[in-house]
>>> print(open('model_32.cif').read())   # mmCIF, C-alpha atoms
data_structure
loop_
_atom_site.label_atom_id
_atom_site.label_comp_id
_atom_site.auth_asym_id
_atom_site.auth_seq_id
_atom_site.Cartn_x
_atom_site.Cartn_y
_atom_site.Cartn_z
CA MET A 1 -77.02 47.68 22.71
CA ASP A 2 -78.26 46.32 19.38
CA ASP A 3 -76.11 43.18 19.47
CA ARG A 4 -77.74 41.88 22.67
CA MET A 5 -77.75 38.06 22.74
CA ILE A 6 -76.12 37.60 19.32
CA PRO A 7 -73.10 35.28 19.65
CA LEU A 8 -69.95 36.73 18.11
CA ASP A 9 -66.71 35.01 17.30
CA ALA A 10 -63.50 36.53 18.64
CA GLU A 11 -62.52 38.40 15.48
CA THR A 12 -65.98 39.82 14.85
CA LYS A 13 -66.07 40.89 18.46
CA ALA A 14 -62.68 42.61 18.21
CA VAL A 15 -63.87 44.57 15.19
CA GLU A 16 -67.36 45.44 16.37
CA MET A 17 -66.57 46.31 19.97
CA PRO A 18 -65.14 49.81 20.21
CA GLU A 19 -61.56 49.80 21.55
CA HIS A 20 -62.91 52.02 24.31
CA HIS A 21 -64.94 49.17 25.85
CA ARG A 22 -62.05 46.77 25.95
CA ASP A 23 -60.01 49.42 27.79
CA GLU A 24 -62.67 49.59 30.46
CA LEU A 25 -62.73 45.81 30.76
CA ARG A 26 -58.96 45.77 31.25
CA LEU A 27 -59.31 48.49 33.88
CA TRP A 28 -61.96 46.50 35.75
CA LEU A 29 -59.87 43.32 35.66
CA ARG A 30 -56.87 45.22 37.02
CA LEU A 31 -58.97 46.77 39.80
CA LEU A 32 -60.26 43.32 40.69
CA THR A 33 -56.75 41.82 40.66
CA CYS A 34 -55.44 44.50 43.06
CA THR A 35 -58.31 44.00 45.48
CA THR A 36 -58.09 40.19 45.38
CA LEU A 37 -54.33 40.29 45.92
CA ILE A 38 -54.47 42.65 48.91
CA GLU A 39 -57.56 41.09 50.47
CA GLY A 40 -56.03 37.61 50.24
CA GLU A 41 -52.86 38.78 51.97
CA VAL A 42 -54.80 40.60 54.73
CA ARG A 43 -56.88 37.44 55.27
CA ARG A 44 -53.72 35.32 55.49
CA ARG A 45 -51.99 37.66 57.95
CA LEU A 46 -55.09 37.99 60.19
CA ARG A 47 -55.25 34.21 60.35
CA GLU A 48 -51.53 33.71 60.95
CA SER A 49 -51.01 36.58 63.42
CA PHE A 50 -54.29 36.55 65.33
CA ASP A 51 -56.14 33.37 64.27
CA VAL A 52 -58.99 35.64 63.17
CA THR A 53 -61.16 35.54 60.04
CA LEU A 54 -61.76 38.62 57.89
CA PRO A 55 -65.56 38.71 58.58
CA ARG A 56 -64.82 38.64 62.33
CA PHE A 57 -62.30 41.49 61.98
CA ASP A 58 -64.77 43.49 59.82
CA LEU A 59 -67.59 43.00 62.32
CA MET A 60 -65.39 44.22 65.21
CA ALA A 61 -64.27 47.19 63.05
CA GLN A 62 -67.91 48.23 62.52
CA LEU A 63 -68.64 48.00 66.25
CA ASP A 64 -65.46 49.87 67.19
CA LYS A 65 -66.89 52.88 65.30
CA ALA A 66 -70.20 52.60 67.20
CA PRO A 67 -69.62 53.13 70.94
CA ASP A 68 -73.36 52.72 71.65
CA GLY A 69 -73.54 49.48 69.68
CA MET A 70 -75.49 48.57 66.55
CA THR A 71 -78.56 46.50 65.76
CA LEU A 72 -78.08 43.29 63.80
CA SER A 73 -79.90 44.78 60.81
CA ASP A 74 -77.61 47.86 60.80
CA LEU A 75 -74.58 45.56 60.96
CA SER A 76 -75.97 43.36 58.21
CA ARG A 77 -76.53 46.35 55.93
CA ARG A 78 -73.12 47.89 56.64
CA MET A 79 -71.21 44.67 56.12
CA MET A 80 -73.32 43.57 53.14
CA VAL A 81 -73.78 40.06 54.62
CA SER A 82 -77.03 38.25 55.37
CA ASN A 83 -78.59 38.36 58.84
CA GLY A 84 -78.20 34.59 58.98
CA ASN A 85 -74.43 34.63 58.45
CA LEU A 86 -74.11 37.45 60.97
CA THR A 87 -75.99 35.63 63.74
CA GLY A 88 -73.48 32.78 63.92
CA LEU A 89 -70.58 35.23 63.96
CA VAL A 90 -72.19 37.30 66.76
CA ASP A 91 -72.94 34.16 68.80
CA ARG A 92 -69.30 33.05 68.62
CA LEU A 93 -68.03 36.52 69.61
CA MET A 94 -70.52 36.58 72.53
CA ALA A 95 -69.29 33.19 73.72
CA SER A 96 -65.65 34.32 73.61
CA GLY A 97 -66.44 37.48 75.64
CA HIS A 98 -65.80 39.97 72.80
CA LEU A 99 -69.41 41.18 72.46
CA ASP A 100 -72.36 42.18 74.65
CA ARG A 101 -75.97 42.00 73.50
CA ARG A 102 -78.95 43.91 74.92
CA VAL A 103 -82.50 44.84 73.93
CA SER A 104 -82.73 48.18 72.08
CA SER A 105 -84.14 51.02 74.23
CA THR A 106 -86.07 52.39 71.24
CA ASP A 107 -87.33 49.12 69.70
CA ARG A 108 -87.93 46.22 72.07
CA ARG A 109 -87.92 43.72 69.18
CA ALA A 110 -84.38 44.75 68.12
CA GLN A 111 -81.16 43.63 69.76
CA VAL A 112 -78.13 45.87 70.02
CA VAL A 113 -74.65 44.38 70.05
CA SER A 114 -71.52 46.20 71.20
CA LEU A 115 -67.86 45.42 71.92
CA THR A 116 -66.89 44.53 75.50
CA GLU A 117 -63.85 46.29 77.00
CA ALA A 118 -61.79 43.18 76.25
CA GLY A 119 -63.20 42.96 72.73
CA ARG A 120 -62.36 46.58 72.03
CA ALA A 121 -58.80 46.23 73.36
CA GLU A 122 -58.21 43.12 71.25
CA PHE A 123 -59.65 44.74 68.14
CA ARG A 124 -57.48 47.86 68.52
CA ALA A 125 -54.33 45.77 68.82
CA MET A 126 -55.25 43.97 65.61
CA ALA A 127 -56.28 47.20 63.88
CA ALA A 128 -52.93 48.86 64.60
CA GLU A 129 -51.13 45.89 63.08
CA HIS A 130 -53.55 45.79 60.13
CA GLU A 131 -52.90 49.48 59.42
CA GLY A 132 -49.19 48.72 59.22
CA TRP A 133 -49.78 45.87 56.77
CA ILE A 134 -51.82 48.11 54.49
CA ALA A 135 -49.10 50.76 54.57
CA GLU A 136 -46.58 48.07 53.64
CA LEU A 137 -48.73 46.75 50.76
CA PHE A 138 -49.09 50.29 49.30
CA ALA A 139 -45.49 51.30 50.10
CA ASP A 140 -44.37 51.94 46.50
CA LEU A 141 -46.99 54.66 45.96
CA THR A 142 -45.76 58.21 46.50
CA PRO A 143 -48.02 60.65 48.39
CA LYS A 144 -48.97 62.11 45.00
CA ASP A 145 -49.82 58.65 43.63
CA GLN A 146 -52.04 58.05 46.67
CA LYS A 147 -53.80 61.37 46.25
CA ASP A 148 -54.39 60.76 42.51
CA LEU A 149 -55.60 57.21 43.16
CA MET A 150 -58.03 58.42 45.88
CA ARG A 151 -59.47 60.95 43.46
CA LEU A 152 -59.80 58.50 40.56
CA LEU A 153 -61.40 55.86 42.78
CA ALA A 154 -63.88 58.45 44.10
CA LYS A 155 -64.78 59.21 40.50
CA THR A 156 -65.10 55.47 39.74
CA LYS A 157 -67.36 54.99 42.77
CA GLY A 158 -69.58 57.89 41.68
CA SER A 159 -69.70 56.58 38.11
CA ALA A 160 -70.66 53.05 39.21
CA ARG A 161 -73.30 54.38 41.64
CA ARG A 162 -74.90 56.46 38.90
CA ALA A 163 -75.01 53.47 36.51
CA ILE A 164 -76.51 51.25 39.23
CA VAL A 165 -79.21 53.76 40.20
CA GLY A 166 -79.95 54.43 36.52
CA ASP A 167 -80.40 50.73 35.85
CA ALA A 168 -82.75 50.26 38.80
CA SER A 169 -85.06 53.16 37.83
CA MET B 170 -43.43 47.87 64.44
CA ASP B 171 -42.67 48.53 68.12
CA ASP B 172 -46.31 48.89 69.13
CA ARG B 173 -47.18 45.35 68.08
CA MET B 174 -49.94 43.87 70.25
CA ILE B 175 -50.31 46.89 72.57
CA PRO B 176 -53.98 47.93 72.70
CA LEU B 177 -54.46 51.65 72.05
CA ASP B 178 -57.53 53.77 72.61
CA ALA B 179 -58.83 55.81 69.68
CA GLU B 180 -57.16 59.11 70.64
CA THR B 181 -53.79 57.56 71.43
CA LYS B 182 -53.98 55.71 68.17
CA ALA B 183 -54.76 58.89 66.21
CA VAL B 184 -51.71 60.58 67.73
CA GLU B 185 -49.26 57.70 67.54
CA MET B 186 -50.13 56.43 64.08
CA PRO B 187 -48.45 58.53 61.42
CA GLU B 188 -51.02 60.35 59.24
CA HIS B 189 -49.42 58.53 56.32
CA HIS B 190 -50.73 55.13 57.45
CA ARG B 191 -54.28 56.30 57.87
CA ASP B 192 -54.17 57.66 54.31
CA GLU B 193 -53.23 54.23 53.05
CA LEU B 194 -56.03 52.64 55.04
CA ARG B 195 -58.54 55.07 53.52
CA LEU B 196 -57.15 54.27 50.08
CA TRP B 197 -57.53 50.53 50.66
CA LEU B 198 -61.11 50.94 51.93
CA ARG B 199 -61.99 53.01 48.87
CA LEU B 200 -60.44 50.43 46.52
CA LEU B 201 -62.42 47.72 48.29
CA THR B 202 -65.66 49.74 48.09
CA CYS B 203 -65.28 50.28 44.32
CA THR B 204 -64.61 46.59 43.69
CA THR B 205 -67.47 45.40 45.92
CA LEU B 206 -69.89 47.87 44.29
CA ILE B 207 -69.01 46.88 40.71
CA GLU B 208 -68.73 43.15 41.42
CA GLY B 209 -72.12 43.14 43.16
CA GLU B 210 -73.75 44.85 40.20
CA VAL B 211 -72.11 42.50 37.66
CA ARG B 212 -73.25 39.52 39.73
CA ARG B 213 -76.82 40.92 39.84
CA ARG B 214 -76.96 41.60 36.09
CA LEU B 215 -75.52 38.17 35.18
CA ARG B 216 -78.21 36.56 37.32
CA GLU B 217 -81.04 38.73 36.01
CA SER B 218 -80.06 38.73 32.31
CA PHE B 219 -78.66 35.21 31.93
CA ASP B 220 -79.48 33.32 35.14
CA VAL B 221 -75.74 32.71 35.51
CA THR B 222 -73.49 32.95 38.59
CA LEU B 223 -70.22 34.89 38.57
CA PRO B 224 -68.03 31.77 39.18
CA ARG B 225 -69.70 30.09 36.19
CA PHE B 226 -69.08 33.16 34.00
CA ASP B 227 -65.46 33.36 35.20
CA LEU B 228 -64.86 29.68 34.47
CA MET B 229 -66.22 30.04 30.93
CA ALA B 230 -64.09 33.21 30.47
CA GLN B 231 -60.95 31.25 31.37
CA LEU B 232 -61.84 28.47 28.93
CA ASP B 233 -62.73 30.91 26.15
CA LYS B 234 -59.09 32.09 26.24
CA ALA B 235 -57.83 28.47 26.01
CA PRO B 236 -58.99 26.91 22.71
CA ASP B 237 -57.17 23.63 23.56
CA GLY B 238 -58.80 23.47 27.00
CA MET B 239 -57.27 23.52 30.46
CA THR B 240 -56.64 21.00 33.22
CA LEU B 241 -58.64 21.32 36.41
CA SER B 242 -55.52 22.30 38.35
CA ASP B 243 -54.69 25.08 35.85
CA LEU B 244 -58.26 26.35 36.15
CA SER B 245 -58.14 26.15 39.92
CA ARG B 246 -54.90 28.16 40.05
CA ARG B 247 -56.13 30.78 37.56
CA MET B 248 -59.45 31.29 39.26
CA MET B 249 -58.04 31.07 42.79
CA VAL B 250 -60.72 28.63 43.88
CA SER B 251 -60.28 25.16 45.39
CA ASN B 252 -60.33 22.05 43.20
CA GLY B 253 -63.34 20.85 45.19
CA ASN B 254 -65.47 23.92 44.39
CA LEU B 255 -64.41 23.71 40.76
CA THR B 256 -65.41 20.07 40.33
CA GLY B 257 -69.09 20.75 41.10
CA LEU B 258 -69.13 23.71 38.73
CA VAL B 259 -67.51 21.69 35.93
CA ASP B 260 -69.95 18.79 36.47
CA ARG B 261 -72.95 21.12 36.13
CA LEU B 262 -71.55 22.74 32.97
CA MET B 263 -70.87 19.26 31.50
CA ALA B 264 -74.46 18.23 32.23
CA SER B 265 -75.86 21.34 30.53
CA GLY B 266 -73.73 20.74 27.41
CA HIS B 267 -71.43 23.77 27.86
CA LEU B 268 -68.22 21.80 28.52
CA ASP B 269 -66.36 18.76 27.19
CA ARG B 270 -63.91 16.74 29.26
CA ARG B 271 -61.12 14.45 28.00
CA VAL B 272 -57.94 12.79 29.28
CA SER B 273 -54.81 14.93 28.78
CA SER B 274 -52.57 13.72 25.95
CA THR B 275 -49.43 14.57 27.96
CA ASP B 276 -50.53 13.34 31.42
CA ARG B 277 -52.98 10.45 31.51
CA ARG B 278 -53.91 11.22 35.13
CA ALA B 279 -55.02 14.77 34.25
CA GLN B 280 -58.34 15.74 32.71
CA VAL B 281 -58.68 18.60 30.26
CA VAL B 282 -61.93 20.56 30.04
CA SER B 283 -62.90 22.84 27.16
CA LEU B 284 -65.94 24.78 25.95
CA THR B 285 -68.29 23.06 23.48
CA GLU B 286 -69.39 25.05 20.40
CA ALA B 287 -72.67 25.85 22.15
CA GLY B 288 -70.85 26.79 25.38
CA ARG B 289 -68.54 29.14 23.50
CA ALA B 290 -71.41 30.81 21.61
CA GLU B 291 -73.34 31.32 24.83
CA PHE B 292 -70.30 32.69 26.66
CA ARG B 293 -69.53 35.18 23.88
CA ALA B 294 -73.06 36.54 23.91
CA MET B 295 -72.78 37.08 27.67
CA ALA B 296 -69.27 38.51 27.37
CA ALA B 297 -70.39 41.14 24.82
CA GLU B 298 -73.15 42.23 27.17
CA HIS B 299 -70.79 42.17 30.17
CA GLU B 300 -68.31 44.40 28.34
CA GLY B 301 -71.11 46.93 27.78
CA TRP B 302 -72.02 46.87 31.49
CA ILE B 303 -68.44 47.54 32.51
CA ALA B 304 -68.20 50.45 30.05
CA GLU B 305 -71.40 51.84 31.55
CA LEU B 306 -70.14 51.47 35.13
CA PHE B 307 -66.91 53.33 34.28
CA ALA B 308 -68.63 55.85 31.96
CA ASP B 309 -67.74 59.01 33.96
CA LEU B 310 -63.98 58.40 33.58
CA THR B 311 -62.32 60.28 30.72
CA PRO B 312 -59.75 58.42 28.57
CA LYS B 313 -57.04 60.24 30.57
CA ASP B 314 -58.63 59.16 33.89
CA GLN B 315 -58.64 55.58 32.63
CA LYS B 316 -55.02 55.76 31.57
CA ASP B 317 -53.95 57.27 34.91
CA LEU B 318 -55.98 54.72 36.88
CA MET B 319 -54.46 51.82 34.88
CA ARG B 320 -50.97 53.11 35.65
CA LEU B 321 -51.66 53.65 39.37
CA LEU B 322 -53.28 50.23 39.74
CA ALA B 323 -50.29 48.62 38.00
CA LYS B 324 -48.06 50.34 40.56
CA THR B 325 -50.35 49.18 43.40
CA LYS B 326 -50.24 45.60 42.10
CA GLY B 327 -46.43 45.70 41.93
CA SER B 328 -46.23 47.20 45.40
CA ALA B 329 -48.52 44.57 46.95
CA ARG B 330 -46.68 41.74 45.18
CA ARG B 331 -43.34 42.94 46.53
CA ALA B 332 -44.73 43.16 50.09
CA ILE B 333 -46.25 39.67 49.81
CA VAL B 334 -43.07 38.08 48.45
CA GLY B 335 -40.98 39.94 51.05
CA ASP B 336 -43.18 38.66 53.86
CA ALA B 337 -42.97 35.06 52.64
CA SER B 338 -39.16 34.99 52.39
#
>>> encode(input="model_32.cif", output="structure tokens")
Amino acid sequence: MDDRMIPLDAETKAVEMPEHHRDELRLWLRLLTCTTLIEGEVRRRLRESFDVTLPRFDLMAQLDKAPDGMTLSDLSRRMMVSNGNLTGLVDRLMASGHLDRRVSSTDRRAQVVSLTEAGRAEFRAMAAEHEGWIAELFADLTPKDQKDLMRLLAKTKGSARRAIVGDAS
Amino acid sequence: MDDRMIPLDAETKAVEMPEHHRDELRLWLRLLTCTTLIEGEVRRRLRESFDVTLPRFDLMAQLDKAPDGMTLSDLSRRMMVSNGNLTGLVDRLMASGHLDRRVSSTDRRAQVVSLTEAGRAEFRAMAAEHEGWIAELFADLTPKDQKDLMRLLAKTKGSARRAIVGDAS
């Protein structure tokens, strides 16, 4: 980009920026709006129906997929949250009887956390309800719309990944 | 939903949940992944290129669209952040000379903030760069892909809005 760091007024910008780029910006803002709208509603319903935060639900969802448990660093990487934020969350779920913690059998410095029976049962009840909410939020999309959207989002994900890797190299 | 609150094990759940609902869950997770991926990269580039946080960029973007300025409550509603979080951000941007603040001419209890000349010039330089990043992140999508994705996301937004309003009434 040759115009890096040069301030432009709105009209100049509208002329110099290819129409193409503004389309992509609109697309990104719409993607962001959809996600924010749905995530906010899921957060609200989790709180109202189960008095549960979204990070807590996400952590239990990760562990539900890992019957042998996960280390804190695996969880941290999967959930894209810091180890510090995770520790408090794990401590609270230990105290409430939802999680067990043990020393890893392969690395004695690592701790493995897993859902207790009660934790798993509670998560699955919430997950069933959550799945219904998502279906309701996407209800206007036909099966063909869903299929097309899946494909276009896969392409978007691939495109973004390539740009991110390219920028880092 | 008749199965509300009944814990299900994974196999039971796979049988009892209509395939349809799991498709929508996958769609939601993919939408969330795309947004998280792109937002994370934008956040990283804003920090590295301009030493600016995403909330600060978003606040300046709102004000760039409002030449007469906006009240704090308008900003708070638009950005979906609390008035408290906004106040600190506004104070820092005042201190650095990016924002002006004055009493509203229509409501003497309300304060109106707007970009200074320098704030606007700096925002536009960042915005031009940001637009290029977004184009790069979406580069693999053809114009037809973009058009289709815009349409499907508009439908998703409408669908979610209807579900949210329906739930509140």
>>> resolve_selection(input="model_32.cif", expression="the PyMOL selection byres ((chain A and resi 152-156) around 9)", output="VMD selection string")
(chain A and resid 147 to 151 157 to 161) or (chain B and resid 196 199 to 200 203 306 to 310 314 to 315 317 to 318)
>>> closest_residue(input="model_32.cif", among="A:Ser104, A:Asp91, A:Asp58, A:Thr53", to="chain B", atoms="all atoms listed in the file")
A:Asp58
>>> resolve_selection(input="model_32.cif", expression="the PyMOL selection byres ((chain B and resi 302) around 12)", output="ChimeraX atom specification")
/A:1,4,21-22,24-25,28,159-160,163-164,167 /B:207-208,210-215,218,295-301,303-308
>>> closest_residue(input="model_32.cif", among="A:Gly40, A:Glu48, A:Leu29, A:Thr35", to="chain B", atoms="only C-alpha atoms")
A:Thr35
>>> closest_residue(input="model_32.cif", among="A:Ser82, A:Thr142, A:Thr116, A:Gln111", to="chain B", atoms="all atoms listed in the file")
A:Thr142
>>> residues_around(input="model_32.cif", residues="stretch 68-75 of chain A", least_positions_apart="3", cutoff="8 Å", atoms="all atoms listed in the file", output="number ranges by chain")
A: 59, 62-63, 78-79, 83, 86-87, 104, 110-115
>>> atom_distance(input="model_32.cif", atom1="atom CA of B:Leu206", atom2="atom CA of B:Met229")
22.6 Å
>>> closest_residue(input="model_32.cif", among="B:Arg195, B:Arg289, B:Arg278, B:Arg271", to="B:Ala230", atoms="all atoms listed in the file")
B:Arg289
>>> decode(input="model_32.cif", residues="stretch 65-143 of chain A", atoms="C-alpha atoms", output="mmCIF file, in the first residue's frame")
data_model
loop_
_atom_site.group_PDB
_atom_site.id
_atom_site.type_symbol
_atom_site.label_atom_id
_atom_site.label_comp_id
_atom_site.auth_asym_id
_atom_site.auth_seq_id
_atom_site.Cartn_x
_atom_site.Cartn_y
_atom_site.Cartn_z
ATOM 1 C CA LYS A 65 -15.112 -33.526 24.308
ATOM 2 C CA ALA A 66 -12.090 -34.834 26.270
ATOM 3 C CA PRO A 67 -13.115 -37.846 28.397
ATOM 4 C CA ASP A 68 -9.520 -38.235 29.682
ATOM 5 C CA GLY A 69 -9.306 -34.572 30.651
ATOM 6 C CA MET A 70 -7.032 -31.796 29.404
ATOM 7 C CA THR A 71 -4.032 -29.923 30.739
ATOM 8 C CA LEU A 72 -4.465 -26.254 31.609
ATOM 9 C CA SER A 73 -2.188 -25.251 28.733
ATOM 10 C CA ASP A 74 -4.251 -27.297 26.225
ATOM 11 C CA LEU A 75 -7.419 -25.663 27.566
ATOM 12 C CA SER A 76 -5.839 -22.226 27.414
ATOM 13 C CA ARG A 77 -4.798 -22.721 23.790
ATOM 14 C CA ARG A 78 -8.166 -24.152 22.728
ATOM 15 C CA MET A 79 -10.193 -21.437 24.404
ATOM 16 C CA MET A 80 -7.798 -18.641 23.417
ATOM 17 C CA VAL A 81 -7.756 -17.260 26.989
ATOM 18 C CA SER A 82 -4.758 -16.675 29.237
ATOM 19 C CA ASN A 83 -3.643 -19.293 31.767
ATOM 20 C CA GLY A 84 -4.297 -16.743 34.491
ATOM 21 C CA ASN A 85 -7.953 -16.223 33.586
ATOM 22 C CA LEU A 86 -8.410 -19.967 33.277
ATOM 23 C CA THR A 87 -7.023 -20.756 36.731
ATOM 24 C CA GLY A 88 -9.715 -18.777 38.545
ATOM 25 C CA LEU A 89 -12.430 -20.391 36.441
ATOM 26 C CA VAL A 90 -11.056 -23.904 37.112
ATOM 27 C CA ASP A 91 -10.777 -23.195 40.855
ATOM 28 C CA ARG A 92 -14.426 -22.128 41.031
ATOM 29 C CA LEU A 93 -15.590 -25.200 39.077
ATOM 30 C CA MET A 94 -13.491 -27.437 41.378
ATOM 31 C CA ALA A 95 -15.080 -25.855 44.444
ATOM 32 C CA SER A 96 -18.599 -26.402 43.074
ATOM 33 C CA GLY A 97 -17.865 -30.090 42.337
ATOM 34 C CA HIS A 98 -17.980 -29.788 38.521
ATOM 35 C CA LEU A 99 -14.285 -30.552 37.912
ATOM 36 C CA ASP A 100 -11.582 -32.951 39.106
ATOM 37 C CA ARG A 101 -7.875 -32.177 38.934
ATOM 38 C CA ARG A 102 -4.974 -34.662 38.961
ATOM 39 C CA VAL A 103 -1.281 -34.764 38.088
ATOM 40 C CA SER A 104 -0.599 -35.793 34.474
ATOM 41 C CA SER A 105 0.708 -39.376 34.129
ATOM 42 C CA THR A 106 3.089 -38.297 31.346
ATOM 43 C CA ASP A 107 4.320 -34.972 32.786
ATOM 44 C CA ARG A 108 4.423 -34.651 36.562
ATOM 45 C CA ARG A 109 4.620 -30.849 36.343
ATOM 46 C CA ALA A 110 1.320 -30.653 34.403
ATOM 47 C CA GLN A 111 -2.154 -30.879 35.896
ATOM 48 C CA VAL A 112 -5.036 -32.499 34.076
ATOM 49 C CA VAL A 113 -8.586 -31.319 34.688
ATOM 50 C CA SER A 114 -11.715 -33.273 33.760
ATOM 51 C CA LEU A 115 -15.478 -33.067 34.310
ATOM 52 C CA THR A 116 -16.950 -34.949 37.283
ATOM 53 C CA GLU A 117 -20.033 -37.110 36.659
ATOM 54 C CA ALA A 118 -22.179 -34.310 38.071
ATOM 55 C CA GLY A 119 -20.346 -31.706 35.994
ATOM 56 C CA ARG A 120 -20.853 -33.706 32.819
ATOM 57 C CA ALA A 121 -24.572 -34.249 33.512
ATOM 58 C CA GLU A 122 -25.085 -30.544 34.184
ATOM 59 C CA PHE A 123 -23.167 -29.523 31.080
ATOM 60 C CA ARG A 124 -25.157 -31.875 28.832
ATOM 61 C CA ALA A 125 -28.446 -30.485 30.098
ATOM 62 C CA MET A 126 -27.250 -26.976 29.286
ATOM 63 C CA ALA A 127 -25.793 -28.053 25.932
ATOM 64 C CA ALA A 128 -29.100 -29.577 24.804
ATOM 65 C CA GLU A 129 -30.880 -26.334 25.621
ATOM 66 C CA HIS A 130 -28.113 -24.272 23.981
ATOM 67 C CA GLU A 131 -28.433 -26.317 20.777
ATOM 68 C CA GLY A 132 -32.128 -25.474 20.683
ATOM 69 C CA TRP A 133 -31.412 -21.761 21.101
ATOM 70 C CA ILE A 134 -28.954 -21.790 18.209
ATOM 71 C CA ALA A 135 -31.488 -23.581 16.008
ATOM 72 C CA GLU A 136 -34.042 -20.919 16.938
ATOM 73 C CA LEU A 137 -31.631 -18.044 16.181
ATOM 74 C CA PHE A 138 -30.858 -19.499 12.710
ATOM 75 C CA ALA A 139 -34.459 -20.608 12.051
ATOM 76 C CA ASP A 140 -35.068 -18.436 8.967
ATOM 77 C CA LEU A 141 -32.229 -20.076 7.011
ATOM 78 C CA THR A 142 -33.290 -22.894 4.695
ATOM 79 C CA PRO A 143 -31.128 -26.052 4.570
#
